[in-house]
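Participant: Quick one: the structure is below, questions incoming.
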Amino acid sequence: MTVAFKGRTLELEKGFWTVFPGLCKGCGLCIQKCPKKCLAWSDVLGVYGTPSIEPNDECIACGICQNVCPDCAIMVEKKKKAKAG
Amino acid sequence: MTVAFKGRTLELEKGFWTVFPGLCKGCGLCIQKCPKKCLAWSDVLGVYGTPSIEPNDECIACGICQNVCPDCAIMVEKKKKAKAG
Amino acid sequence: MSVQPAMPKSWRMDTKPHKFCPGCGHGLVLKALGMAIDELGIQDRAVFGCDIGCSLLSWDFFNVDSIQTHHGRTTPVITGLKRANPNLIGIAYMGDGGGYAIGSQHLVNAAARNERITAILVNNTQYGMTGGQMAPTTLPGQKTETTPYGRDPEKTGYPVQGPEMVAAITREGSYVARGTIANLNQLKGYIKKALQNQIEGNGFSFVEVLSACPTNWRTNAEETWNMVEKEMPKFFKVGEIKVPGAGKEGQENG
Amino acid sequence: MSVQPAMPKSWRMDTKPHKFCPGCGHGLVLKALGMAIDELGIQDRAVFGCDIGCSLLSWDFFNVDSIQTHHGRTTPVITGLKRANPNLIGIAYMGDGGGYAIGSQHLVNAAARNERITAILVNNTQYGMTGGQMAPTTLPGQKTETTPYGRDPEKTGYPVQGPEMVAAITREGSYVARGTIANLNQLKGYIKKALQNQIEGNGFSFVEVLSACPTNWRTNAEETWNMVEKEMPKFFKVGEIKVPGAGKEGQENG
Amino acid sequence: MGKTVKVLLAGEGGQGVQSVAQIIAEAANEEGREALYIPNFGVEQRGGVSVAYLQIGDEPIGAPKFLTGDIVIALSDRAVHRTRQYVGPQTLFVYDSSIENIEDALPANAKKILAIPALDVAKKELHPRVFNIIIMGAVVKATEVVSEADAKKAIEKKLGYKFEKNPKLRELNYKAIERGMELVARAM
Amino acid sequence: MGKTVKVLLAGEGGQGVQSVAQIIAEAANEEGREALYIPNFGVEQRGGVSVAYLQIGDEPIGAPKFLTGDIVIALSDRAVHRTRQYVGPQTLFVYDSSIENIEDALPANAKKILAIPALDVAKKELHPRVFNIIIMGAVVKATEVVSEADAKKAIEKKLGYKFEKNPKLRELNYKAIERGMELVARAM
Amino acid sequence: MADKPIEGEKRVFMTGNEVVAWAALAAKAEIMYGYPITPQNEIMHYWTRMAPKFGREFLQTEDELSAGFTTAGGVLAGRKAFTATAGPGNTLMQEPMSMAEAMRLPVVVVVQQRGGPSTATVIYSQQEVTMTTMGGNGEGLRVVYSTATHQELFDYTIKAFNTAWKYRFPTFVLGDGYQAKMRESLTIYDPEARGVTLLPAEAYLGKPGTPGVDRPPAQYRNTYNVEEELYEVLQGYFKDYEKMAPEIAEFDAFDTEDADLVVISHGVVSRAAKGAVKELRAAGYKVGYFRPITLRPLPVKELRALGGRTKQFLVAESANGQLARLLKEAAYGCPVEMLPMYKPGVGITTEEVVARVKEIAG
Amino acid sequence: MADKPIEGEKRVFMTGNEVVAWAALAAKAEIMYGYPITPQNEIMHYWTRMAPKFGREFLQTEDELSAGFTTAGGVLAGRKAFTATAGPGNTLMQEPMSMAEAMRLPVVVVVQQRGGPSTATVIYSQQEVTMTTMGGNGEGLRVVYSTATHQELFDYTIKAFNTAWKYRFPTFVLGDGYQAKMRESLTIYDPEARGVTLLPAEAYLGKPGTPGVDRPPAQYRNTYNVEEELYEVLQGYFKDYEKMAPEIAEFDAFDTEDADLVVISHGVVSRAAKGAVKELRAAGYKVGYFRPITLRPLPVKELRALGGRTKQFLVAESANGQLARLLKEAAYGCPVEMLPMYKPGVGITTEEVVARVKEIAG
Ligand SMILES: Cc1ncc(C[n+]2csc(CCOP(=O)(O)OP(=O)(O)O)c2C)c(N)n1
Ligand SMILES: Cc1ncc(C[n+]2csc(CCOP(=O)(O)OP(=O)(O)O)c2C)c(N)n1
Ligand code: SF4
Ligand code: SF4
Ligand code: SF4
Ligand code: SF4
Ligand code: SF4
Ligand code: SF4
Ligand SMILES: [Mg+2]
Ligand SMILES: [Mg+2]
């Protein structure tokens with residue numbers, strides 16, 4: 001069976017950051033682990049009707065939130081590094 | 001219930017050595033452990049109709065046979081040491 | 001197709017979101033396991049056995065042949081399967097209650113017989129599925145439904161040292177480690193080694209995982225991490241405990 | 001009365017000769033136990049529990065209140081008894097099959113909970129009562145009824161290291177030793193300490209005993225001693241493994 | 001008095017249907033009436049719909065569950081689907097009007113169907129946390145198995161310790177009950 | 001041919017009653033007759049009396065055990081006590097004459113009681129180890145369920161590999177059968 | 001430490017699991033051994049909360065085998081010990097209970113039935129009737145009370161301790177997930193204040209005096225050497241059991257005299273049956289209600305009398321004929337016809353019983 | 001490595017345990033899992049001696065729970081797996097068998113009954129009938145063959161594998177200590193040479209292809225979320241079972257046509273019954289012989305027909321009415337009277353059956 005999840009992608013300075021509200025259960029584990037403390041509850045509701053999450057532009061696209069999510073509800077893609085200077 | 005076992009006591013040079021044929025199952029563990037190799041099968045039958053055991057006068061009344069018997073079928077009493085020479 | 005979640009390839013998409021509670025550590029352990037299966041390329045010959053305990057919720061978790069067994073009985077089911085068809089890669093996935101309490105005879109004896117299976121045990125310090133009773137792993141002072149005033153080690157002992165016990169009864173050839181959901185890459189590494197050890201036919205492989213049960217712990221995300229990262233490691237040491245070939249042991253203990 | 005056998009005072013004379021086979025090690029272990037009971041003066045409050053296995057033959061062995069339980073279940077019966085009446089001195093007497101196979105979850109968990117009982121396990125490398133099948137303790141190469149061509153450690157592992165396993169999951173307060181019928185005074189000493197440890201309320205006490213089963217080994221007396229004194233110690237190290245108070249361990253393993 | 005009233009409440013895990021049922025049952029019991037409340041439970045709990053069976057009457061209650069409710073209340077999309085089977089020609093079916101695209105799933109055979117904007121009222125007028133108390137008010141009104149006063153007493157008993165610290169909470173909860181009752185009264 | 005013959009053998013653990021029963025049963029089977037042999041077993045084995053139930057006939061054998069034997073053979077004091085219950089008015093009861101002070105325990109209702117000096121003969125004439133083969137001879141004679149030749153063939157089959165190495169053993173065993181048969185023949 | 005858990009009488013509203021915990025306290029149970037399993041968990045939860053306040057003990061074991069055998073150990077030590085279980089745990093419990101049968105240990109077990117076979121559901125059923133009444137290897141030498149209301153759950157849990165200690169057969173209180181989890185009112189009370197004598201427990205092991213010196217040693221076994229030895233022992237047990245049976249068999253019935261059809265059910269299903277029979281009577285149907293309270297032993301005399309005068313029994317149960325099998329055994333030879341209403345693993349409502357009877361009536 | 005354990009046919013004289021080992025080999029059983037218990041030990045002893053010669057496997061487990069669950073594992077892997085047990089081991093075996101019932105696993109279990117309850121005796125009984133036919137929590141969805149001779153032990157052990165794999169219900173061969181330990185003659189044979197098709201085993205898990213890519217994953221569960229879900233599954237199972245029942249029910253009977261009294265027995269006791277009926281007929285008594293071979297399902301149709309025309313059934317069993325209970329359920333409503341001849345834990349001889357019938361005849 002092919003399944004598709006609807007992502008909500010935010011383009012941030014350092015990367016493309018996607019949450020899949022249909023997977024997010026609002027546990028908050030990611031929020032705690034974000035090194036930049038840039039994740040917060042979102043108005044977009046997750047699968048259980050609880051808030052999902054979203055980052056602000058502090059995000060460094062490190063992918064930790066993706067890593068710690070037990071539901072694979074986050075996907076982070078770093079932007080290719082622009083040439084320095 | 002008081003029970004009495006009939007012992008067969010041999011007075012040897014070094015001690016009084018008793019076997020209780022009603023307890024001896026003829027396993028031979030004692031024979032193997034006698035440091036003087038002075039235990040042998042006896043014509044007196046044990047509880048299962050197998051030979052019981054008896055020592056010869058090499059016996060030093062060390063009590064090892066008593067110690068290793070799983071059925072407590074042997075009892076050794078050392079004679080009081082006679083005054084030396 | 002639009003951007004899709006970065007789930008392990010071996011996860012079964014159409015049963016997601018999975019049935020575990022928000023923030024449940026089982027999801028993370030199964031993520032590490034999924035990645036390990038992917039990286040080893042064994043999706044076609046792995047067989048996943050899950051216990052009764054919250055692990056039962058994973059009976060249709062993977063695109064891997066799976067069997068939901070009885071409470072504590074996943075080890076023998078997978079043992080029987082592996083004995084019958086050694087080409088399969090048998091994974092026995094269980095909770096701390098299933099592994100250390102009701103199924104401990106199976107764990108201990110499979111280990112002692114050096115069964116070529118991989119056992120993964122999720123330590124969440126209590127019985128999740130039944131609503132949070134004491135487990136052999138419950139921490140001293142921890143309140144559970146059957147230790148409402150906190151676990152008293154004087155009365156019920158200290159948290160069981162599972163991997164240490166398994167290490168004590170296995171020989172050369174077995175792999176024993178304790179990982180944590182707080183370090184997913186390390187955990188994936190341990191699980192991979194545990195599977196690799198089975199693939200190579202060396203022997204019994206066992207990974208305990210420090211996990212989280214926010215539902216029965218009644219913890220918020222911050223407290224959950226604190227429990228996993230601060231409290232549990234005081235009693236459970238993370239690391240590899242036995243690695244095959246790490247040092248030749250004599251086969252006699254005389 | 002004429003000279004009478006030097007049986008321990010706590011032995012029940014009118015059930016002697018006991019029912020064990022000629023040369024059976026059980027008789028020696030129970031002799032050591034009887035002496036220990038005598039010396040500690042606990043005949044009036046000891047409760048002797050025997051397993052199913054040849055140990056069942058000892059249900060009326062002592063002038064001590066006794067209970068014959070099920071195969072592998074002596075540990076929980078005595079645990080339950082001790083929990084209900086801590087004044088009693090609970091002795092769980094079992095074989096290697098009862099303790100390490102079917103009852104291993106009870107052994108492991110009683111140890112982990114630090115139950116204040118004394119478990120004595122008779123290791124005769126096979127299942128005596130059922131006619132000599134493989135036990136977790138069977139030696140490599142040893143022929144039994146279920147390893148007719150000799151135990152192959154590749155297929156069924158190496159002899160289980162029971163006391164070592166128990167030591168690995170117990171903490172401060174427990175006593176763990178391995179004795180042998182080849183050294184009865186030492187064995188009596190271990191059993192005494194194991195009982196003393198219970199009397200003092202320290203914790204779980206466990207003594208494995210290397211024993212003999214001439215019937216199923218099909219050995220004569222010489223071969224029997226050779227097995228106990230030469231072959232078994234190659235795999236089972238005699239000595240004290242854990243002594244309460246020997247060295248403070250931390251209560252945390254972090 | 002009349003016959004036993006059978007109420008079925010269903011919602012998502014966090015919506016508090018079980019506590020609503022329990023509080024009403026206890027209130028009825030306090031009044032000296034017979035009450036029986038049983039939740040669904042088990043593996044279904046995890047990620048499933050939460051269902052409460054509540055019966056109140058003057059005779060000891062018979063079977064703990066029933067085929068058809070006098071009142072069936074569904075608070076989520078899944079709850080509507082799960083509870084349709086409990087609806088019969090005598091049933092008053094109540095659902096939250098915020099549930100979208102649910103028309104086709106509504107039971108066709110109910111005596112009456114009420115949509116009440118409880119979630120809306122909770123969010124906008126009161127506080128999301130008292131959503132279930134609004135529902136409680138709705139049930140109280142729809143069933144009339146306990147009086148408003150007793151319902152409030154029951155709330156007081158349950159949450160009194162919190163009200164002590166923060167009397168505003170009491171007000172909020174009472175208000176929620178009242179609003180719940182009104183919603184039903186208006187819709188009927 | 002006649003009806004099924006029921007034989008009960010009992011003795012101490014070491015006396016080999018089970019192998020006697022088994023060899024005879026196998027001999028009968030080889031002859032194409034129907035045979036059924038069942039030992040007692042279990043906890044009783046340790047330190048208890050060893051009992052063998054043997055039936056030979058031309059029809060498939062019915063129940064494996066029976067209340068009353070046609071021939072009951074007891075080789076020890078305890079065996080006499082244990083087997084009395086199997087004796088009826090048609091029973092030939094055979095016991096070893098070396099058993100002391102047993103007269104009072106002998107079954108009163110047997111058709112016939114025979115004391116045979118098998119142990120004595122074994123010890124004095126042959127070898128203690130062939131005691132059970134003497135008993136086998138006795139059974140063969142008393143029951144006539146197998147011929148002497150077939151009994152010998154069965155022994156050959158069982159111990160042939162030993163006889164190869166030591167032909168004197170064969171002689172000894174054959175002799176034992178013969179003496180056993182004689183003992184019964186004489187006593188009858 | 002508080003002395004009496006319940007002073008006098010008290011109307012309460014609680015779950016069945018809480019009721020059992022209170023009843024065990026009231027019955028002076030001294031120690032509970034248990035292993036978690038839904039739907040009986042809350043018995044342990046309440047017990048562990050209350051026990052320390054009244055000097056009672058608790059041990060969580062490693063599995064149900066251990067829970068059963070530790071309970072036996074507690075009984076041997078002379079304490080009123082009990083355990084609780086369900087479903088697959090009850091399956092395992094049959095091993096220790098076979099020992100309790102063999103040794104006549106008064107072990108009390110509360111069972112809250114759930115769906116079967118296997119893990120099945122954690123919710124509800126009446127599918128543990130055969131296993132609970134008949135046990136594992138052996139002959140089902142036990143007493144089984146099947147309760148229908150919280151009041152009974154309280155009353156019969158207390159009674160179970162008395163029955164067990166009086167007759168020395170393992171005694172079961174057979175509830176189910178519905179009873180475990182539902183809340184309704186009941187009156188809890190101090191049984192002694194109501195004049196109920198609570199039989200004291202007696203130690204099997206560890207009585208005063210040195211064994212062999214002051215008294216013979218107390219020695220119990222469950223293994224026999226020969227068949228006849230076991231047979232003798234069992235005959236004694238059967239005799240005791242048969243003597244006991246009419247003394248303890250209980251049932252509940254109404255409207256059976258002139259009934260053409262009697263609905264037979266047990267446990268929680270009998271609530272639906274009762275409601276249905278009342279409703280049907282009101283509607284003019286000649287139906288009656290009969291409910292065995294003891295499933296083992298069954299009230300055989302009354303059942304047979306009823307089976308002699310009624311045309312039809314409708315057996316309603318949340319199992320596939322487990323009660324019916326026992327009834328057919330008990331009523332064998334009676335002319336009454338037995339009709340099935342089997343709903344294994346699911347509840348039975350009043351409406352359904354009414355419909356079924358009407359369907360039969362045609 | 002030898003290919004066929006048995007070439008053609010062969011008359012042999014051996015113990016029943018050896019017969020089972022040969023039969024399992026002949027049935028192409030691939031792996032045995034087991035835990036020692038008297039009186040079934042020699043099945044393992046012979047199997048371990050012969051298995052390596054024919055490429056078969058053996059695993060000695062840590063207990064009977066493990067023996068049952070490893071056997072289930074072997075079946076899941078697509079192998080013909082079996083186990084054997086007795087007494088308290090059979091009690092424990094009910095836990096894994098409840099899973100086999102829930103998942104329709106074709107597990108074959110050989111049971112050699114011993115005395116009960118508890119450890120009791122290691123010798124003999126027919127006291128495991130209730131447990132083996134009805135199981136633990138659940139509804140007894142299984143097949144039970146009760147054998148009476150070594151020939152049957154051979155035939156039905158082979159048949160058990162076919163039944164199990166054809167219908168996917170756990171299948172038991174119910175022997176006892178007498179059959180286990182006695183020696184008698186029989187003919188062993190290669191079933192295929194006799195034209196018996198041995199059904200191939202099929203893998204539940206680990207079939208070719210990558211799950212989710214080449215095929216859907218094979219995923220089995222035994223836990224359901226709601227009661228109705230379980231109910232649906234069980235209804236399907238009951239239907240399958242009812243369809244199967246008449247196809248596999250077996251019995252043996254003679255002299256029943258004009259009989260006033262029919263002796264009903266099963267297993268080894270039927271040898272005594274057969275002998276007795278012949279003797280009684282010869283003496284002019286109007287007696288008949290009936291013996292269910294399948295105890296689960298029973299040959300209900302034949303039993304009811306018989307129960308409709310015979311005055312009395314004498315139920316002879318080495319248990320306290322375990323067979324009788326099943327018979328009363330099956331024959332409920334038939335006019336036949338059931339008389340007991342219960343000897344729990346001890347053998348029944350021809351003489352005793354004769355005496356009992358004469359006593360009844362008066
Ligand atoms: C024989 C048996 N006993 C008890 C249970 C009830 N039970 C189901 S899950 C569980 C505990 C689960 O705890 P754990 O193994 O730690 O897993 P978790 O849910 O914590 O992941 C228990 C006791 C059962 N299903 N079967
Ligand atoms: C549940 C159960 N399974 C199996 C048995 C059979 N059984 C009786 S004793 C025994 C083995 C005994 O071996 P061990 O414990 O080593 O004691 P030993 O006889 O060697 O002293 C077994 C398997 C049983 N009684 N109960
Ligand atoms: S990618 Fe890193 S920085 Fe960005 S939200 Fe996630 S954890 Fe925070
Ligand atoms: S960790 Fe995952 S499920 Fe939890 S809040 Fe973050 S995105 Fe949602
Ligand atoms: S050790 Fe004991 S039983 Fe064995 S032969 Fe010596 S005296 Fe006899
Ligand atoms: S006392 Fe010592 S020397 Fe004498 S027989 Fe015994 S072991 Fe030998
Ligand atoms: S109860 Fe705990 S372990 Fe179970 S799914 Fe929820 S969080 Fe996970
Ligand atoms: S079989 Fe072995 S362990 Fe058992 S009594 Fe005989 S010698 Fe001892
Ligand atoms: Mg857990
Ligand atoms: Mg042993």
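Chains: A, B, ... in order of the structure tokens. Residues: from 1 per chain. Ligands: from 1, in order shown.
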I'd like the neighbourhood of stretch 229-238 of chain H as a count of residues only, where a residue qualifies if any of its atoms comes within 12 Å (using only C-alpha atoms), though same-chain residues fewer than 4 positions away should be ignored.
Facilitator: 45
Participant: Given a cut-off of 12 Å, what residues near ligand 8 show up using only C-alpha atoms and all ligand atoms, put as a ChimeraX atom specification?
Facilitator: /B:25,27,70-71 /D:18-30,52-58,94-97,122-133,210-221,224 /F:42-47
Participant: Just C-alpha atoms for this one: save the residues we selected as a tab-separated table (two decimals), in the first residue's frame.
Facilitator:
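Okay, this is what ended up in again_10.tsv:
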chain	number	residue	atom	x	y	z
B	25	LYS	CA	23.99	-49.56	50.05
B	27	CYS	CA	28.19	-47.77	46.77
B	70	PRO	CA	26.11	-40.62	51.93
B	71	ASP	CA	24.08	-42.94	54.11
D	18	HIS	CA	16.94	-42.75	52.71
D	19	LYS	CA	15.59	-43.33	49.24
D	20	PHE	CA	18.52	-42.05	47.21
D	21	CYS	CA	20.51	-44.50	45.12
D	22	PRO	CA	23.77	-46.00	46.35
D	23	GLY	CA	26.49	-43.38	46.19
D	24	CYS	CA	24.10	-40.54	45.41
D	25	GLY	CA	25.47	-37.11	46.18
D	26	HIS	CA	22.13	-35.92	47.52
D	27	GLY	CA	22.82	-37.90	50.69
D	28	LEU	CA	26.05	-36.03	51.24
D	29	VAL	CA	24.57	-32.61	50.59
D	30	LEU	CA	21.75	-33.35	53.00
D	52	ILE	CA	10.66	-32.36	42.07
D	53	GLY	CA	13.77	-34.04	40.85
D	54	CYS	CA	15.55	-36.61	42.95
D	55	SER	CA	15.34	-34.06	45.74
D	56	LEU	CA	11.67	-35.04	46.04
D	57	LEU	CA	12.89	-38.16	47.79
D	58	SER	CA	13.87	-35.97	50.74
D	94	MET	CA	16.60	-28.24	44.25
D	95	GLY	CA	18.42	-29.86	41.36
D	96	ASP	CA	20.23	-28.17	38.52
D	97	GLY	CA	17.28	-28.78	36.22
D	122	VAL	CA	22.56	-29.82	43.59
D	123	ASN	CA	24.50	-29.90	40.36
D	124	ASN	CA	24.77	-33.45	39.11
D	125	THR	CA	25.18	-32.40	35.47
D	126	GLN	CA	21.88	-33.91	34.34
D	127	TYR	CA	18.29	-34.72	35.20
D	128	GLY	CA	18.51	-37.54	37.69
D	129	MET	CA	14.88	-38.25	38.44
D	130	THR	CA	13.77	-38.54	34.84
D	131	GLY	CA	16.57	-40.89	33.95
D	132	GLY	CA	19.49	-38.78	32.87
D	133	GLN	CA	18.74	-36.14	30.26
D	210	LEU	CA	28.92	-30.29	42.75
D	211	SER	CA	27.31	-33.64	43.31
D	212	ALA	CA	27.23	-37.18	41.99
D	213	CYS	CA	24.66	-39.29	40.18
D	214	PRO	CA	26.31	-42.69	39.79
D	215	THR	CA	23.06	-44.18	38.50
D	216	ASN	CA	22.72	-42.03	35.44
D	217	TRP	CA	26.42	-41.43	35.00
D	218	ARG	CA	26.75	-45.22	35.07
D	219	THR	CA	29.94	-44.80	37.06
D	220	ASN	CA	31.53	-46.99	39.68
D	221	ALA	CA	32.84	-45.40	42.84
D	224	THR	CA	32.20	-41.15	40.38
F	42	GLY	CA	8.50	-44.23	38.40
F	43	VAL	CA	9.50	-42.97	41.78
F	44	GLU	CA	8.83	-46.41	43.16
F	45	GLN	CA	11.84	-47.65	41.22
F	46	ARG	CA	14.22	-46.07	43.67
F	47	GLY	CA	14.42	-48.54	46.49
Participant: Write out as a ChimeraX atom specification all residues of stretch 289-328 of chain H that backbone DSSP assigns to strand (DSSP E or B).
Facilitator: /H:289-292,294-296,312-317
Participant: Which residues, written as a VMD selection string, have at least one atom at most 9 Å from F:Phe41, with only C-alpha atoms counted and residues fewer than 6 positions away on the same chain left out?
Facilitator: (chain F and resid 50 to 51) or (chain G and resid 226) or (chain H and resid 39 122 to 123 181)
Participant: Which residues are close to B:Val76, i.e. within 9 Å by only C-alpha atoms, leaving aside same-chain residues fewer than 5 positions away? Reply as a PyMOL selection string.
Facilitator: (chain B and resi 15-19+61-66) or (chain D and resi 6)
Participant: Counting only C-alpha atoms and all ligand atoms, which protein, DNA or RNA residues come within 12 Å of ligand 6, given as a PyMOL selection string?
Facilitator: chain B and resi 10-19+28-41+53-69+73-79
Participant: Rounded to one decimal place, report the atom CA of E:Phe163-atom CA of E:Lys141 distance in Å.
Facilitator: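 The value is 23.7 Å.
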Participant: Excluding same-chain residues fewer than 6 positions from C:Gln198, what lies within 10 Å of it counting only C-alpha atoms, as a list of chain:residue names?
Facilitator: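 So, after excluding close chain neighbours, the residues are C:Pro86, C:Leu88, C:Ile89, C:Gly90, C:Ile91, C:Glu115, C:Arg116, C:Ile117, C:Thr118, C:Gly173, C:Ser174, C:Tyr175, C:Lys192, C:Phe204, C:Ser205.
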Participant: Restricted to N, CA and C atoms, what would the selected residues look like written as a PDB file, in the first residue's frame?
Facilitator:
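Result file part_26.pdb:
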ATOM      1  N   PRO C  86      17.572 -21.738  10.045  1.00  0.00           N
ATOM      2  CA  PRO C  86      18.705 -20.888  10.435  1.00  0.00           C
ATOM      3  C   PRO C  86      19.013 -19.774   9.438  1.00  0.00           C
ATOM      4  N   LEU C  88      16.901 -17.561   8.561  1.00  0.00           N
ATOM      5  CA  LEU C  88      16.181 -16.365   8.993  1.00  0.00           C
ATOM      6  C   LEU C  88      16.996 -15.621  10.045  1.00  0.00           C
ATOM      7  N   ILE C  89      16.756 -14.331  10.141  1.00  0.00           N
ATOM      8  CA  ILE C  89      17.385 -13.535  11.192  1.00  0.00           C
ATOM      9  C   ILE C  89      16.305 -13.248  12.226  1.00  0.00           C
ATOM     10  N   GLY C  90      16.428 -13.891  13.372  1.00  0.00           N
ATOM     11  CA  GLY C  90      15.383 -13.801  14.377  1.00  0.00           C
ATOM     12  C   GLY C  90      15.606 -12.681  15.370  1.00  0.00           C
ATOM     13  N   ILE C  91      14.604 -11.828  15.482  1.00  0.00           N
ATOM     14  CA  ILE C  91      14.689 -10.695  16.406  1.00  0.00           C
ATOM     15  C   ILE C  91      13.587 -10.845  17.451  1.00  0.00           C
ATOM     16  N   GLU C 115      21.901 -19.440  21.751  1.00  0.00           N
ATOM     17  CA  GLU C 115      21.000 -19.413  20.597  1.00  0.00           C
ATOM     18  C   GLU C 115      21.410 -18.276  19.666  1.00  0.00           C
ATOM     19  N   ARG C 116      21.393 -18.544  18.397  1.00  0.00           N
ATOM     20  CA  ARG C 116      21.793 -17.526  17.407  1.00  0.00           C
ATOM     21  C   ARG C 116      20.626 -16.596  17.104  1.00  0.00           C
ATOM     22  N   ILE C 117      20.195 -15.876  18.093  1.00  0.00           N
ATOM     23  CA  ILE C 117      19.116 -14.908  17.882  1.00  0.00           C
ATOM     24  C   ILE C 117      19.528 -13.565  18.492  1.00  0.00           C
ATOM     25  N   THR C 118      18.775 -12.550  18.155  1.00  0.00           N
ATOM     26  CA  THR C 118      19.042 -11.218  18.680  1.00  0.00           C
ATOM     27  C   THR C 118      17.870 -10.776  19.540  1.00  0.00           C
ATOM     28  N   GLY C 173      31.498 -15.442  21.849  1.00  0.00           N
ATOM     29  CA  GLY C 173      30.541 -15.579  20.751  1.00  0.00           C
ATOM     30  C   GLY C 173      29.288 -14.753  20.957  1.00  0.00           C
ATOM     31  N   SER C 174      29.033 -14.386  22.192  1.00  0.00           N
ATOM     32  CA  SER C 174      27.823 -13.611  22.403  1.00  0.00           C
ATOM     33  C   SER C 174      28.147 -12.119  22.405  1.00  0.00           C
ATOM     34  N   TYR C 175      27.128 -11.348  22.146  1.00  0.00           N
ATOM     35  CA  TYR C 175      27.267  -9.895  22.146  1.00  0.00           C
ATOM     36  C   TYR C 175      26.265  -9.335  23.146  1.00  0.00           C
ATOM     37  N   LYS C 192      22.981  -3.032  15.340  1.00  0.00           N
ATOM     38  CA  LYS C 192      23.603  -3.557  14.120  1.00  0.00           C
ATOM     39  C   LYS C 192      24.618  -4.638  14.449  1.00  0.00           C
ATOM     40  N   PHE C 204      24.494 -15.749  20.750  1.00  0.00           N
ATOM     41  CA  PHE C 204      23.402 -14.974  21.310  1.00  0.00           C
ATOM     42  C   PHE C 204      23.778 -13.498  21.377  1.00  0.00           C
ATOM     43  N   SER C 205      22.857 -12.651  20.998  1.00  0.00           N
ATOM     44  CA  SER C 205      23.112 -11.209  21.045  1.00  0.00           C
ATOM     45  C   SER C 205      21.999 -10.534  21.809  1.00  0.00           C
TER      46      SER C 205
END
Participant: For a quick test of understanding: name the residues of chain D lying within 8 Å of chain C when counting only C-alpha atoms, and present them as number ranges by chain.
Facilitator: D: 100-105, 108-109, 112-115, 136, 153, 155-162, 164-166, 168-169, 171, 233-237, 251-254
Participant: Could you give me, as a tab-separated table, every chain B residue with an atom at most 10 Å from chain F, plus its closest atom pair and distance in Å to one decimal, counting only C-alpha atoms, rows ordered by chain then number?
Facilitator:
residue	atom	partner	partner_atom	distance
B:Val47	CA	F:Gly47	CA	9.8
B:Tyr48	CA	F:Glu12	CA	7.9
B:Gly49	CA	F:Glu12	CA	8.9
B:Thr50	CA	F:Gly14	CA	9.1
Participant: With N, CA and C atoms retained, write the just-selected residues as a short mmCIF file (atom, residue, chain, number, x, y, z; two decimals), in the first residue's frame.
Facilitator:
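Saved result, out.cif, follows:
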data_model
loop_
_atom_site.label_atom_id
_atom_site.label_comp_id
_atom_site.auth_asym_id
_atom_site.auth_seq_id
_atom_site.Cartn_x
_atom_site.Cartn_y
_atom_site.Cartn_z
N VAL B 47 21.75 -53.24 52.92
CA VAL B 47 20.30 -53.15 52.86
C VAL B 47 19.73 -53.59 51.50
N TYR B 48 20.48 -53.45 50.44
CA TYR B 48 19.97 -53.86 49.13
C TYR B 48 20.49 -55.24 48.72
N GLY B 49 21.04 -55.96 49.69
CA GLY B 49 21.53 -57.29 49.37
C GLY B 49 22.88 -57.28 48.67
N THR B 50 23.46 -56.11 48.59
CA THR B 50 24.81 -56.00 48.02
C THR B 50 25.81 -56.05 49.17
#
